[in-house]
Amino acid sequence: MNTSVSPPRTKSTAHPGTARAALGYRDFRILWIGLFASNVGTWMQNLALPAYIDNRTHQATWVAIMGFAQLGPLLLLSIPGGVLADRFPRRPWLITNQAMQLVFAVAIAFLIARNSSLWAIFAIQLGIGIFNALGAPAMQSSIPLLISREDLPGALSLNSVMLNGSRVIGPALAAALIGFGVTVPQIFVINAGTYLFAIAGIAIITIPHVQSQAVERGVQKLLVGLRIARSRSVLSRMLLAMTAFSFFCLPYVSLFPSIARLNFGIPASSATYKWLYATWGLGAALGGLACGSVLLRFDRRKLITFAFRGFAVSMFAFALARGPELAIPIGFLLGFFYFMAVTPMVTVFQTNMRDHERARVMSLWFMAFGGTVTLGALTFGPVVDRVGPRPVLFVAVVAALVLSWWTDLIRRPAQLLTDEERGEPFQPRNATALDEHGVVAGE
């Protein structure tokens with residue numbers, strides 16, 4: 001039984017479940033600020049490295065290969081990372097992972113300065129990806145431990161803002177620094193320094209350690225998350241949907257510089273490309289924030305299906321656009337619906353796990369969300385090189401429309417956890433929130 005006590009929130013009039021309510025928790029607030037600052041540096045590098053590779057090779061395939069180095073390890077190491085998150089105290093484990101990524105970021109700056117071989121850069125980027133994959137389940141499963149369950153939607157919304165707000169600030173800051181004469185290798189050194197913000201935030205706070213209740217041994221220990229996900233239909237539905245979304249719809253994220261060059265005539269080294277990328281990131285940040293603020297009163301199940309349809313329409317327009325004049329505003333909408341879909345999906349996913357299950361099951365989410373994107377990029381990157389990006393973008397349109405049907409939890413209900421099953425004190429539900437299938441609206 002889960003006997004943990006919800007962390008105290010500072011006195012606030014914020015509505016439960018909102019982003020403002022989540023910021024009332026001291027430890028969550030400190031960690032969020034530290035990770036935000038660190039992610040700004042990461043997205044400075046994420047803008048600079050694909051642009052550098054595209055300018056150097058003019059091949060979407062090489063851009064995809066370098067993206068695989070960053071996110072591909074999530075496919076193989078997320079599950080071991082979930083096991084390690086249960087085995088080691090969270091704080092020293094997370095600090096170690098952040099510190100190792102700092103070291104590799106300095107190394108990649110050195111290689112870029114020497115214009116070293118692409119495979120050498122790949123190897124160092126792979127090192128960053130490995131430690132990111134090993135630490136990601138521990139990091140994301142720790143966030144719900146810092147707040148009460150009723151405020152989890154607001155925290156996950158802020159997590160989306162952190163990921164995507166940094167996509168705006170990072171590229172904009174990188175562009176400004178390059179304009180003042182800062183070189184690309186120096187951008188990587190700055191990114192290395194920003195890891196110190198995350199390390200400091202983790203060092204200051206207290207992260208409760210939740211003991212795993214798994215009794216499996218050996219290889220079976222690695223399969224605990226899969227067993228839990230298979231036994232709960234809402235978890236398996238969200239995982240399958242996220243895997244398909246990542247593979248068929250999100251390769252454009254990894255191939256962004258090549259698509260901009262081929263579809264819109266925007267070189268990756270230009271200021272226009274940085275505006276396109278930052279505008280898309282702004283849309284994604286606002287899409288995530290909206291789910292924890294103005295859209296909070298809407299049923300999350302409806303938000304998911306609506307967002308997939310909006311993504312399909314935006315992607316169709318993005319594929320047909322032929323210049324920056326249309327690509328930039330459409331890119332904003334594309335980013336908005338992208339994270340308007342992802343945020344309620346991960347909220348449904350996280351709220352249907354017990355605390356002691358979270359590290360193991362979240363490792364599967366990272367495989368679906370992060371790792372599968374790289375497989376899609378590796379698959380569709382050569383297609384972009386041969387026939388251009390539009391066929392790839394049209395595949396994303398069709399896939400998003402199919403997913404709007406597959407994720408419809410109202411017409412196709414799935415099993416959800418009750419408060420008693422989560423191990424929490426029972427709280428009466430609003431009877432109007434139950435539909436004929438016994439599924440709670442917004443859960």
# chains A, B, ... in the order shown; residues from 1 in each chain; ligands from 1

call {"tool": "residues_around", "arguments": {"residues": "Ile108 (chain A)", "least_positions_apart": "6", "cutoff": "8 Å", "atoms": "only C-alpha atoms", "output": "NGL selection string"}}
result
:A and (121 or 124-125 or 185 or 188)

call {"tool": "residues_around", "arguments": {"residues": "region 78-84 of chain A", "least_positions_apart": "5", "cutoff": "9 Å", "atoms": "only C-alpha atoms", "output": "ChimeraX atom specification"}}
result
/A:73,93,133-138,141,221-223,225,358-367,371

call {"tool": "residues_around", "arguments": {"residues": "region 381-394 of chain A", "least_positions_apart": "6", "cutoff": "7 Å", "atoms": "only C-alpha atoms", "output": "list in words"}}
result
Gln59, Ala60, Thr61, Ala64, Ile259, Leu262, Asn263, Met315, Phe316 and Ala319 of chain A

call {"tool": "select_by_dssp", "arguments": {"residues": "region 209-344 of chain A", "states": "alpha helix (DSSP H)", "output": "PyMOL selection string"}}
result
chain A and resi 219-222+224-231+233-244+251-254+256-264+271-291+300-320+324-344

call {"tool": "write_last_selection", "arguments": {"atoms": "C-alpha atoms", "output": "mmCIF file, in the first residue's frame"}}
result
data_model
loop_
_atom_site.group_PDB
_atom_site.id
_atom_site.type_symbol
_atom_site.label_atom_id
_atom_site.label_comp_id
_atom_site.auth_asym_id
_atom_site.auth_seq_id
_atom_site.Cartn_x
_atom_site.Cartn_y
_atom_site.Cartn_z
ATOM 1 C CA VAL A 219 15.254 -10.942 -17.081
ATOM 2 C CA GLN A 220 11.702 -10.963 -15.729
ATOM 3 C CA LYS A 221 12.583 -7.835 -13.746
ATOM 4 C CA LEU A 222 12.966 -5.963 -17.045
ATOM 5 C CA VAL A 224 7.528 -5.668 -15.139
ATOM 6 C CA GLY A 225 6.504 -2.479 -16.957
ATOM 7 C CA LEU A 226 5.287 -4.442 -19.963
ATOM 8 C CA ARG A 227 3.224 -6.707 -17.726
ATOM 9 C CA ILE A 228 1.595 -3.727 -16.011
ATOM 10 C CA ALA A 229 0.861 -1.957 -19.307
ATOM 11 C CA ARG A 230 -0.646 -5.089 -20.865
ATOM 12 C CA SER A 231 -2.916 -5.618 -17.862
ATOM 13 C CA SER A 233 -6.019 -1.276 -21.378
ATOM 14 C CA VAL A 234 -5.722 2.508 -21.059
ATOM 15 C CA LEU A 235 -1.930 2.221 -20.663
ATOM 16 C CA SER A 236 -1.526 -0.122 -23.630
ATOM 17 C CA ARG A 237 -3.815 2.060 -25.767
ATOM 18 C CA MET A 238 -1.803 5.216 -25.019
ATOM 19 C CA LEU A 239 1.510 3.421 -25.578
ATOM 20 C CA LEU A 240 0.472 2.025 -28.950
ATOM 21 C CA ALA A 241 -0.913 5.405 -30.005
ATOM 22 C CA MET A 242 2.257 7.225 -28.963
ATOM 23 C CA THR A 243 4.428 4.678 -30.755
ATOM 24 C CA ALA A 244 2.465 5.087 -34.001
ATOM 25 C CA PRO A 251 9.967 12.169 -38.120
ATOM 26 C CA TYR A 252 9.617 15.747 -39.391
ATOM 27 C CA VAL A 253 10.937 16.902 -35.996
ATOM 28 C CA SER A 254 14.288 15.147 -36.528
ATOM 29 C CA PHE A 256 13.309 19.708 -39.697
ATOM 30 C CA PRO A 257 16.348 21.383 -41.362
ATOM 31 C CA SER A 258 16.125 19.141 -44.429
ATOM 32 C CA ILE A 259 12.372 19.701 -44.779
ATOM 33 C CA ALA A 260 12.814 23.465 -44.453
ATOM 34 C CA ARG A 261 15.503 23.457 -47.142
ATOM 35 C CA LEU A 262 13.682 21.192 -49.607
ATOM 36 C CA ASN A 263 10.061 22.196 -49.014
ATOM 37 C CA PHE A 264 10.317 25.912 -48.329
ATOM 38 C CA ALA A 271 17.784 33.499 -39.739
ATOM 39 C CA THR A 272 14.483 32.525 -41.378
ATOM 40 C CA TYR A 273 15.049 28.884 -40.421
ATOM 41 C CA LYS A 274 15.618 29.880 -36.801
ATOM 42 C CA TRP A 275 12.364 31.885 -36.870
ATOM 43 C CA LEU A 276 10.501 28.903 -38.348
ATOM 44 C CA TYR A 277 11.894 26.562 -35.706
ATOM 45 C CA ALA A 278 11.254 28.956 -32.827
ATOM 46 C CA THR A 279 7.687 29.675 -33.984
ATOM 47 C CA TRP A 280 6.940 25.968 -34.184
ATOM 48 C CA GLY A 281 8.396 25.528 -30.681
ATOM 49 C CA LEU A 282 6.287 28.434 -29.392
ATOM 50 C CA GLY A 283 3.164 26.742 -30.735
ATOM 51 C CA ALA A 284 4.128 23.494 -28.984
ATOM 52 C CA ALA A 285 4.789 25.322 -25.693
ATOM 53 C CA LEU A 286 1.422 27.078 -25.821
ATOM 54 C CA GLY A 287 -0.331 23.832 -26.755
ATOM 55 C CA GLY A 288 1.056 22.169 -23.653
ATOM 56 C CA LEU A 289 0.337 25.184 -21.430
ATOM 57 C CA ALA A 290 -3.238 25.450 -22.705
ATOM 58 C CA CYS A 291 -3.930 21.904 -21.501
ATOM 59 C CA ARG A 300 -8.993 15.189 -21.720
ATOM 60 C CA ARG A 301 -10.317 12.331 -23.818
ATOM 61 C CA LYS A 302 -11.945 14.827 -26.184
ATOM 62 C CA LEU A 303 -8.802 16.980 -26.258
ATOM 63 C CA ILE A 304 -6.754 14.038 -27.529
ATOM 64 C CA THR A 305 -9.026 13.230 -30.470
ATOM 65 C CA PHE A 306 -9.555 16.911 -31.343
ATOM 66 C CA ALA A 307 -5.800 17.565 -31.245
ATOM 67 C CA PHE A 308 -5.030 14.659 -33.587
ATOM 68 C CA ARG A 309 -7.528 16.028 -36.105
ATOM 69 C CA GLY A 310 -6.043 19.511 -35.756
ATOM 70 C CA PHE A 311 -2.571 18.050 -36.247
ATOM 71 C CA ALA A 312 -3.692 16.282 -39.431
ATOM 72 C CA VAL A 313 -5.155 19.470 -40.914
ATOM 73 C CA SER A 314 -2.079 21.520 -39.945
ATOM 74 C CA MET A 315 0.316 18.920 -41.329
ATOM 75 C CA PHE A 316 -1.620 18.816 -44.620
ATOM 76 C CA ALA A 317 -1.279 22.600 -44.944
ATOM 77 C CA PHE A 318 2.400 22.427 -43.899
ATOM 78 C CA ALA A 319 3.073 19.875 -46.646
ATOM 79 C CA LEU A 320 1.438 22.081 -49.301
ATOM 80 C CA PRO A 324 8.250 30.834 -45.351
ATOM 81 C CA GLU A 325 5.266 33.217 -45.503
ATOM 82 C CA LEU A 326 2.863 30.292 -44.997
ATOM 83 C CA ALA A 327 5.242 27.791 -43.396
ATOM 84 C CA ILE A 328 5.876 29.925 -40.309
ATOM 85 C CA PRO A 329 2.233 30.510 -39.197
ATOM 86 C CA ILE A 330 1.232 26.966 -40.161
ATOM 87 C CA GLY A 331 4.263 25.674 -38.265
ATOM 88 C CA PHE A 332 2.925 27.444 -35.168
ATOM 89 C CA LEU A 333 -0.394 25.563 -35.466
ATOM 90 C CA LEU A 334 1.426 22.308 -36.142
ATOM 91 C CA GLY A 335 3.413 22.705 -32.934
ATOM 92 C CA PHE A 336 0.300 23.703 -30.976
ATOM 93 C CA PHE A 337 -1.688 20.610 -31.946
ATOM 94 C CA TYR A 338 1.393 18.398 -31.571
ATOM 95 C CA PHE A 339 1.658 19.033 -27.834
ATOM 96 C CA MET A 340 -2.049 19.552 -27.371
ATOM 97 C CA ALA A 341 -2.239 15.840 -28.236
ATOM 98 C CA VAL A 342 0.807 14.656 -26.295
ATOM 99 C CA THR A 343 0.070 16.481 -23.013
ATOM 100 C CA PRO A 344 -3.381 14.969 -22.271
#

call {"tool": "closest_residue", "arguments": {"among": "A:Ile169, A:Ala155, A:Val161, A:Ala69", "to": "Ala123 (chain A)", "atoms": "only C-alpha atoms"}}
result
A:Ala69

call {"tool": "closest_atom_pairs", "arguments": {"of": "region 47-140 of chain A", "to": "region 189-205 of chain A", "cutoff": "8 Å", "atoms": "only C-alpha atoms", "output": "Markdown table"}}
result
| residue | atom | partner | partner_atom | distance |
| --- | --- | --- | --- | --- |
| A:Arg91 | CA | A:Ile202 | CA | 6.3 |
| A:Leu94 | CA | A:Ile202 | CA | 7.4 |
| A:Ile95 | CA | A:Ile199 | CA | 5.5 |
| A:Gln98 | CA | A:Tyr195 | CA | 6.4 |
| A:Ala99 | CA | A:Tyr195 | CA | 7.2 |
| A:Gln101 | CA | A:Ala192 | CA | 7.7 |
| A:Leu102 | CA | A:Ala192 | CA | 4.7 |
| A:Val103 | CA | A:Ala192 | CA | 7.2 |
| A:Ala105 | CA | A:Ala192 | CA | 5.2 |
| A:Val106 | CA | A:Val189 | CA | 5.6 |
| A:Ala109 | CA | A:Val189 | CA | 6.1 |

call {"tool": "atom_distance", "arguments": {"atom1": "CA of Gly376 (chain A)", "atom2": "CA of Gly67 (chain A)"}}
result
10.7 Å

call {"tool": "atom_distance", "arguments": {"atom1": "CA of Leu378 (chain A)", "atom2": "CA of Ser404 (chain A)"}}
result
24.9 Å
